[in-house]
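**Q** Sharing final.txt, compact mmCIF, N, CA and C atoms:
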# COMPACT_ATOMS: atom_id res chain seq x y z
N MET A 1 4.52 1.23 -19.91
CA MET A 1 5.14 -0.06 -19.64
C MET A 1 5.15 -0.30 -18.14
N ALA A 2 4.70 -1.46 -17.71
CA ALA A 2 4.62 -1.78 -16.29
C ALA A 2 5.99 -2.18 -15.77
N THR A 3 6.22 -1.83 -14.53
CA THR A 3 7.43 -2.25 -13.86
C THR A 3 7.06 -3.43 -12.99
N THR A 4 7.59 -4.57 -13.27
CA THR A 4 7.28 -5.76 -12.50
C THR A 4 8.51 -6.19 -11.74
N CYS A 5 8.33 -6.45 -10.47
CA CYS A 5 9.45 -6.85 -9.62
C CYS A 5 8.95 -7.93 -8.68
N ASP A 6 9.81 -8.84 -8.30
CA ASP A 6 9.45 -9.70 -7.19
C ASP A 6 10.33 -9.31 -6.01
N SER A 7 10.14 -9.99 -4.88
CA SER A 7 10.82 -9.54 -3.67
C SER A 7 12.34 -9.59 -3.78
N THR A 8 12.88 -10.31 -4.76
CA THR A 8 14.33 -10.34 -4.91
C THR A 8 14.82 -9.32 -5.92
N GLN A 9 13.91 -8.63 -6.63
CA GLN A 9 14.32 -7.70 -7.67
C GLN A 9 14.10 -6.22 -7.33
N ILE A 10 13.36 -5.91 -6.29
CA ILE A 10 13.04 -4.52 -5.99
C ILE A 10 14.27 -3.84 -5.42
N ASP A 11 14.92 -3.01 -6.21
CA ASP A 11 16.08 -2.27 -5.73
C ASP A 11 15.66 -0.92 -5.17
N SER A 12 14.64 -0.35 -5.73
CA SER A 12 14.07 0.89 -5.22
C SER A 12 12.61 0.91 -5.67
N LEU A 13 11.85 1.79 -5.09
CA LEU A 13 10.43 1.84 -5.43
C LEU A 13 10.25 2.60 -6.74
N PRO A 14 9.58 2.00 -7.73
CA PRO A 14 9.39 2.65 -9.03
C PRO A 14 8.38 3.79 -8.95
N ASN A 15 8.36 4.63 -9.96
CA ASN A 15 7.44 5.77 -10.01
C ASN A 15 5.98 5.36 -9.85
N GLU A 16 5.61 4.18 -10.33
CA GLU A 16 4.23 3.71 -10.23
C GLU A 16 3.75 3.71 -8.78
N PHE A 17 4.67 3.49 -7.86
CA PHE A 17 4.33 3.44 -6.44
C PHE A 17 3.75 4.76 -5.96
N PHE A 18 4.20 5.87 -6.57
CA PHE A 18 3.84 7.20 -6.11
C PHE A 18 2.76 7.90 -6.94
N GLU A 19 2.36 7.32 -8.07
CA GLU A 19 1.49 8.03 -9.00
C GLU A 19 0.12 8.35 -8.43
N GLU A 20 -0.47 7.46 -7.67
CA GLU A 20 -1.77 7.71 -7.04
C GLU A 20 -1.92 6.77 -5.86
N GLY A 21 -3.02 6.88 -5.17
CA GLY A 21 -3.25 6.02 -4.01
C GLY A 21 -3.53 4.58 -4.40
N TRP A 22 -3.43 3.70 -3.41
CA TRP A 22 -3.66 2.27 -3.58
C TRP A 22 -4.79 1.83 -2.66
N LYS A 23 -5.72 1.03 -3.18
CA LYS A 23 -6.82 0.48 -2.39
C LYS A 23 -6.75 -1.04 -2.39
N LEU A 24 -7.11 -1.62 -1.24
CA LEU A 24 -7.16 -3.07 -1.13
C LEU A 24 -8.25 -3.62 -2.03
N SER A 25 -7.89 -4.56 -2.87
CA SER A 25 -8.84 -5.21 -3.77
C SER A 25 -9.23 -6.55 -3.15
N ARG A 26 -9.98 -6.48 -2.08
CA ARG A 26 -10.37 -7.65 -1.29
C ARG A 26 -11.03 -8.72 -2.15
N GLU A 27 -11.78 -8.30 -3.16
CA GLU A 27 -12.51 -9.24 -4.01
C GLU A 27 -11.59 -10.19 -4.77
N GLU A 28 -10.35 -9.79 -4.98
CA GLU A 28 -9.40 -10.63 -5.72
C GLU A 28 -8.71 -11.67 -4.85
N GLY A 29 -8.90 -11.61 -3.56
CA GLY A 29 -8.27 -12.58 -2.67
C GLY A 29 -6.79 -12.29 -2.48
N LEU A 30 -6.00 -13.36 -2.36
CA LEU A 30 -4.56 -13.25 -2.12
C LEU A 30 -3.79 -13.75 -3.34
N GLU A 31 -2.58 -13.21 -3.50
CA GLU A 31 -1.66 -13.69 -4.53
C GLU A 31 -0.29 -13.78 -3.87
N GLN A 32 0.36 -14.92 -3.97
CA GLN A 32 1.64 -15.14 -3.31
C GLN A 32 1.53 -14.85 -1.81
N ASP A 33 0.41 -15.21 -1.21
CA ASP A 33 0.11 -14.97 0.21
C ASP A 33 0.13 -13.48 0.57
N ALA A 34 -0.06 -12.62 -0.40
CA ALA A 34 -0.05 -11.17 -0.17
C ALA A 34 -1.39 -10.57 -0.58
N GLN A 35 -1.73 -9.45 0.06
CA GLN A 35 -2.94 -8.72 -0.30
C GLN A 35 -2.69 -7.95 -1.59
N ILE A 36 -3.73 -7.89 -2.43
CA ILE A 36 -3.64 -7.21 -3.71
C ILE A 36 -4.22 -5.81 -3.57
N PHE A 37 -3.42 -4.81 -3.94
CA PHE A 37 -3.86 -3.42 -3.95
C PHE A 37 -3.86 -2.94 -5.39
N ARG A 38 -4.83 -2.11 -5.71
CA ARG A 38 -4.96 -1.55 -7.05
C ARG A 38 -4.99 -0.02 -6.95
N PRO A 39 -4.58 0.67 -8.02
CA PRO A 39 -4.66 2.14 -8.01
C PRO A 39 -6.12 2.58 -7.77
N VAL A 40 -6.28 3.70 -7.12
CA VAL A 40 -7.62 4.21 -6.80
C VAL A 40 -8.49 4.30 -8.04
N SER A 41 -7.93 4.71 -9.16
CA SER A 41 -8.70 4.89 -10.39
C SER A 41 -8.87 3.59 -11.19
N TYR A 42 -8.44 2.46 -10.67
CA TYR A 42 -8.44 1.19 -11.40
C TYR A 42 -9.85 0.74 -11.78
N GLN A 43 -10.81 0.97 -10.91
CA GLN A 43 -12.17 0.50 -11.14
C GLN A 43 -13.15 1.31 -10.30
N GLU A 44 -14.43 1.09 -10.54
CA GLU A 44 -15.46 1.60 -9.64
C GLU A 44 -15.47 0.65 -8.46
N TRP A 45 -15.14 1.15 -7.29
CA TRP A 45 -15.03 0.30 -6.12
C TRP A 45 -16.40 0.01 -5.54
N LYS A 46 -16.68 -1.27 -5.30
CA LYS A 46 -17.93 -1.67 -4.67
C LYS A 46 -17.92 -1.20 -3.22
N PRO A 47 -19.09 -0.91 -2.68
CA PRO A 47 -19.15 -0.53 -1.26
C PRO A 47 -18.53 -1.62 -0.40
N SER A 48 -17.83 -1.20 0.62
CA SER A 48 -17.15 -2.12 1.53
C SER A 48 -17.13 -1.48 2.92
N ARG A 49 -17.30 -2.27 3.92
CA ARG A 49 -17.30 -1.74 5.28
C ARG A 49 -15.99 -1.01 5.56
N PHE A 50 -14.88 -1.61 5.18
CA PHE A 50 -13.58 -0.96 5.32
C PHE A 50 -12.66 -1.54 4.26
N ARG A 51 -11.93 -0.67 3.60
CA ARG A 51 -11.00 -1.07 2.56
C ARG A 51 -9.71 -0.27 2.78
N ASP A 52 -8.60 -0.99 3.10
CA ASP A 52 -7.33 -0.28 3.28
C ASP A 52 -7.04 0.61 2.08
N HIS A 53 -6.51 1.79 2.36
CA HIS A 53 -6.23 2.77 1.31
C HIS A 53 -4.97 3.53 1.74
N TYR A 54 -3.98 3.56 0.87
CA TYR A 54 -2.71 4.24 1.14
C TYR A 54 -2.39 5.22 0.03
N ILE A 55 -1.78 6.33 0.40
CA ILE A 55 -1.21 7.28 -0.56
C ILE A 55 0.23 7.52 -0.13
N PHE A 56 1.18 7.26 -1.02
CA PHE A 56 2.60 7.43 -0.72
C PHE A 56 3.16 8.54 -1.60
N LYS A 57 3.90 9.46 -0.99
CA LYS A 57 4.55 10.54 -1.74
C LYS A 57 6.06 10.32 -1.70
N GLN A 58 6.75 10.85 -2.70
CA GLN A 58 8.19 10.63 -2.80
C GLN A 58 8.97 11.28 -1.66
N ASP A 59 8.36 12.24 -0.97
CA ASP A 59 9.07 12.88 0.16
C ASP A 59 8.92 12.09 1.46
N LYS A 60 8.47 10.83 1.36
CA LYS A 60 8.30 9.91 2.49
C LYS A 60 7.17 10.30 3.43
N THR A 61 6.20 11.07 2.92
CA THR A 61 4.98 11.35 3.65
C THR A 61 3.84 10.66 2.91
N GLY A 62 2.67 10.68 3.48
CA GLY A 62 1.53 10.08 2.82
C GLY A 62 0.30 10.14 3.69
N MET A 63 -0.66 9.29 3.34
CA MET A 63 -1.93 9.20 4.07
C MET A 63 -2.35 7.73 4.08
N PHE A 64 -3.08 7.35 5.12
CA PHE A 64 -3.68 6.02 5.16
C PHE A 64 -5.07 6.15 5.75
N LEU A 65 -5.95 5.23 5.36
CA LEU A 65 -7.30 5.25 5.88
C LEU A 65 -7.29 4.58 7.25
N SER A 66 -7.70 5.34 8.26
CA SER A 66 -7.70 4.86 9.63
C SER A 66 -9.06 4.25 9.96
N LEU A 67 -9.05 3.04 10.46
CA LEU A 67 -10.26 2.33 10.84
C LEU A 67 -10.80 2.91 12.14
N SER A 68 -12.10 3.18 12.14
CA SER A 68 -12.76 3.73 13.33
C SER A 68 -13.86 2.78 13.76
N PRO A 69 -14.00 2.53 15.07
CA PRO A 69 -15.03 1.60 15.53
C PRO A 69 -16.46 2.06 15.22
N ASN A 70 -16.66 3.35 15.00
CA ASN A 70 -18.01 3.85 14.71
C ASN A 70 -18.21 4.10 13.21
N ASP A 71 -17.38 3.51 12.36
CA ASP A 71 -17.45 3.63 10.91
C ASP A 71 -17.16 5.05 10.41
N ALA A 72 -16.56 5.89 11.23
CA ALA A 72 -16.18 7.24 10.81
C ALA A 72 -14.71 7.22 10.37
N HIS A 73 -14.41 6.37 9.39
CA HIS A 73 -13.03 6.21 8.93
C HIS A 73 -12.55 7.53 8.33
N LYS A 74 -11.26 7.80 8.46
CA LYS A 74 -10.73 9.04 7.90
C LYS A 74 -9.29 8.83 7.46
N MET A 75 -8.88 9.66 6.51
CA MET A 75 -7.50 9.63 6.05
C MET A 75 -6.64 10.37 7.08
N VAL A 76 -5.52 9.74 7.43
CA VAL A 76 -4.62 10.27 8.45
C VAL A 76 -3.23 10.44 7.83
N ALA A 77 -2.58 11.54 8.16
CA ALA A 77 -1.21 11.78 7.68
C ALA A 77 -0.25 10.76 8.28
N CYS A 78 0.74 10.40 7.49
CA CYS A 78 1.73 9.43 7.97
C CYS A 78 3.08 9.73 7.33
N THR A 79 4.07 9.02 7.80
CA THR A 79 5.38 8.97 7.16
C THR A 79 5.64 7.50 6.86
N TRP A 80 6.58 7.25 5.98
CA TRP A 80 6.90 5.87 5.66
C TRP A 80 8.39 5.73 5.41
N THR A 81 8.87 4.53 5.65
CA THR A 81 10.26 4.19 5.34
C THR A 81 10.24 2.86 4.59
N TYR A 82 11.27 2.66 3.79
CA TYR A 82 11.37 1.43 3.01
C TYR A 82 12.81 0.95 3.07
N ASP A 83 12.99 -0.30 3.45
CA ASP A 83 14.31 -0.91 3.50
C ASP A 83 14.48 -1.75 2.24
N GLU A 84 15.35 -1.29 1.34
CA GLU A 84 15.55 -1.99 0.06
C GLU A 84 16.07 -3.41 0.25
N ARG A 85 16.85 -3.62 1.30
CA ARG A 85 17.45 -4.94 1.53
C ARG A 85 16.40 -5.96 1.96
N THR A 86 15.53 -5.59 2.90
CA THR A 86 14.53 -6.52 3.42
C THR A 86 13.18 -6.40 2.72
N LYS A 87 13.00 -5.35 1.90
CA LYS A 87 11.74 -5.07 1.19
C LYS A 87 10.61 -4.74 2.16
N VAL A 88 10.97 -4.20 3.35
CA VAL A 88 9.98 -3.89 4.38
C VAL A 88 9.60 -2.41 4.31
N LEU A 89 8.29 -2.19 4.27
CA LEU A 89 7.70 -0.87 4.25
C LEU A 89 7.06 -0.65 5.62
N ILE A 90 7.47 0.42 6.30
CA ILE A 90 6.90 0.74 7.61
C ILE A 90 6.14 2.05 7.49
N ILE A 91 4.87 2.02 7.90
CA ILE A 91 4.02 3.20 7.88
C ILE A 91 3.85 3.65 9.33
N ALA A 92 4.15 4.93 9.58
CA ALA A 92 4.11 5.46 10.95
C ALA A 92 3.27 6.72 11.01
N SER A 93 2.67 6.93 12.17
CA SER A 93 1.93 8.15 12.43
C SER A 93 2.43 8.68 13.76
N GLY A 94 3.00 9.89 13.74
CA GLY A 94 3.66 10.39 14.94
C GLY A 94 4.86 9.51 15.23
N ALA A 95 5.01 9.09 16.48
CA ALA A 95 6.14 8.24 16.85
C ALA A 95 5.76 6.76 16.84
N LYS A 96 4.55 6.45 16.39
CA LYS A 96 4.06 5.08 16.45
C LYS A 96 4.05 4.42 15.07
N ASP A 97 4.64 3.21 14.98
CA ASP A 97 4.55 2.43 13.75
C ASP A 97 3.13 1.87 13.65
N ILE A 98 2.47 2.14 12.53
CA ILE A 98 1.10 1.70 12.32
C ILE A 98 1.06 0.34 11.64
N LYS A 99 1.84 0.19 10.59
CA LYS A 99 1.86 -1.07 9.83
C LYS A 99 3.29 -1.37 9.39
N LYS A 100 3.57 -2.67 9.32
CA LYS A 100 4.84 -3.16 8.81
C LYS A 100 4.48 -4.17 7.73
N LEU A 101 4.90 -3.89 6.48
CA LEU A 101 4.49 -4.69 5.33
C LEU A 101 5.69 -5.07 4.48
N GLU A 102 5.64 -6.24 3.88
CA GLU A 102 6.65 -6.63 2.90
C GLU A 102 6.11 -6.29 1.51
N VAL A 103 6.91 -5.60 0.71
CA VAL A 103 6.55 -5.30 -0.67
C VAL A 103 6.95 -6.52 -1.50
N VAL A 104 5.94 -7.28 -1.93
CA VAL A 104 6.20 -8.51 -2.69
C VAL A 104 6.42 -8.20 -4.15
N SER A 105 5.57 -7.33 -4.73
CA SER A 105 5.77 -6.91 -6.11
C SER A 105 5.03 -5.61 -6.37
N ILE A 106 5.49 -4.92 -7.42
CA ILE A 106 4.88 -3.67 -7.84
C ILE A 106 4.76 -3.70 -9.36
N GLU A 107 3.56 -3.43 -9.84
CA GLU A 107 3.32 -3.22 -11.26
C GLU A 107 2.54 -1.93 -11.39
N LYS A 108 2.36 -1.47 -12.62
CA LYS A 108 1.64 -0.21 -12.83
C LYS A 108 0.25 -0.25 -12.22
N ASP A 109 -0.43 -1.40 -12.29
CA ASP A 109 -1.79 -1.47 -11.78
C ASP A 109 -1.98 -2.51 -10.67
N LYS A 110 -0.87 -2.95 -10.05
CA LYS A 110 -1.00 -3.91 -8.95
C LYS A 110 0.18 -3.79 -7.99
N LEU A 111 -0.16 -3.76 -6.71
CA LEU A 111 0.83 -3.73 -5.63
C LEU A 111 0.49 -4.89 -4.70
N LEU A 112 1.45 -5.76 -4.45
CA LEU A 112 1.25 -6.87 -3.52
C LEU A 112 1.97 -6.57 -2.22
N LEU A 113 1.21 -6.56 -1.12
CA LEU A 113 1.77 -6.29 0.19
C LEU A 113 1.42 -7.44 1.13
N LYS A 114 2.41 -7.87 1.89
CA LYS A 114 2.22 -8.95 2.87
C LYS A 114 2.44 -8.37 4.25
N ARG A 115 1.47 -8.60 5.15
CA ARG A 115 1.62 -8.15 6.53
C ARG A 115 2.73 -8.94 7.22
N ILE A 116 3.52 -8.25 8.01
CA ILE A 116 4.61 -8.91 8.76
C ILE A 116 4.23 -8.94 10.22
Represent the supplied structure as structure tokens.
**A**
Amino acid sequence: MATTCDSTQIDSLPNEFFEEGWKLSREEGLEQDAQIFRPVSYQEWKPSRFRDHYIFKQDKTGMFLSLSPNDAHKMVACTWTYDERTKVLIIASGAKDIKKLEVVSIEKDKLLLKRI
């Protein structure tokens, strides 16, 4: 059963958030002005120059695909925090915040994230 939430209903991050990594599904465009992410195993991913990819673990660690100017992209360790009140997800590497995103909705096979 999918857990569906909108930005006013997310009280905490459901288990679906942690089950596997999430990849940007650029081909689907935007929904609610947010980028659509799908589980890594959702489909055979078409080649793409760069596709955001996140892995979140329940211990507030994870990995993200780091963009490299020479196309040598690599997964980098990170930490993350989530503010239940504002629905803001912050991804950090070392002492530097890498991304600040609003969690618009989470379902078993779809995560909507909006850049802030």
**Q** Name the closest residue to Leu101 in chain A among the candidates A:Leu24, A:Leu67, A:Ala34, A:Val76; distances are taken between atoms, counting only C-alpha atoms.
**A**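 Of A:Leu24, A:Leu67, A:Ala34, A:Val76, the one nearest Leu101 in chain A, counting only C-alpha atoms, is A:Ala34.
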**Q** If we count all atoms listed in the file, what is near Arg51 in chain A at a cut-off of 7 Å, once residues fewer than 3 positions away on the same chain are taken out, given as a PyMOL selection string?
**A** chain A and resi 23-24+48+65
**Q** If I take CA of Ala72 in chain A and CA of His53 in chain A, how far is one from the other in Å, to one decimal?
**A**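 That distance, rounded to one decimal, is 14.5 Å.
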**Q** Pick out the residues sitting within 9 Å of Ser12 in chain A, and hand them over as a VMD selection string; count only C-alpha atoms, and ignore anything fewer than 5 positions along from it in its own chain.
**A** chain A and resid 82 to 84
**Q** Can you list, as a PyMOL selection string, every residue of chain A that DSSP puts in helix (DSSP H, G or I)?
**A** chain A and resi 16-19+26-28+40-42
**Q** Could you name the residues that touch Ile36 in chain A at 8 Å or less, counting only C-alpha atoms, but leaving out those on the same chain fewer than 3 positions away, as an MDAnalysis selection string?
**A** chainID A and resid 24:26 28:31 110:113
**Q** Using only C-alpha atoms, pick whichever of A:Glu44, A:Glu27, A:Gln35, A:Cys78 has the shortest atom-to-atom distance to Thr61 in chain A.
**A** A:Cys78
**Q** How far is it from CA of Phe64 in chain A to CA of Thr86 in chain A, in Å with one decimal?
**A** 22.2 Å
**Q** Any idea what the distance is between atom C of Asn70 in chain A and atom N of Glu20 in chain A?
**A**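 Here the two named atoms are 27.6 Å from each other.
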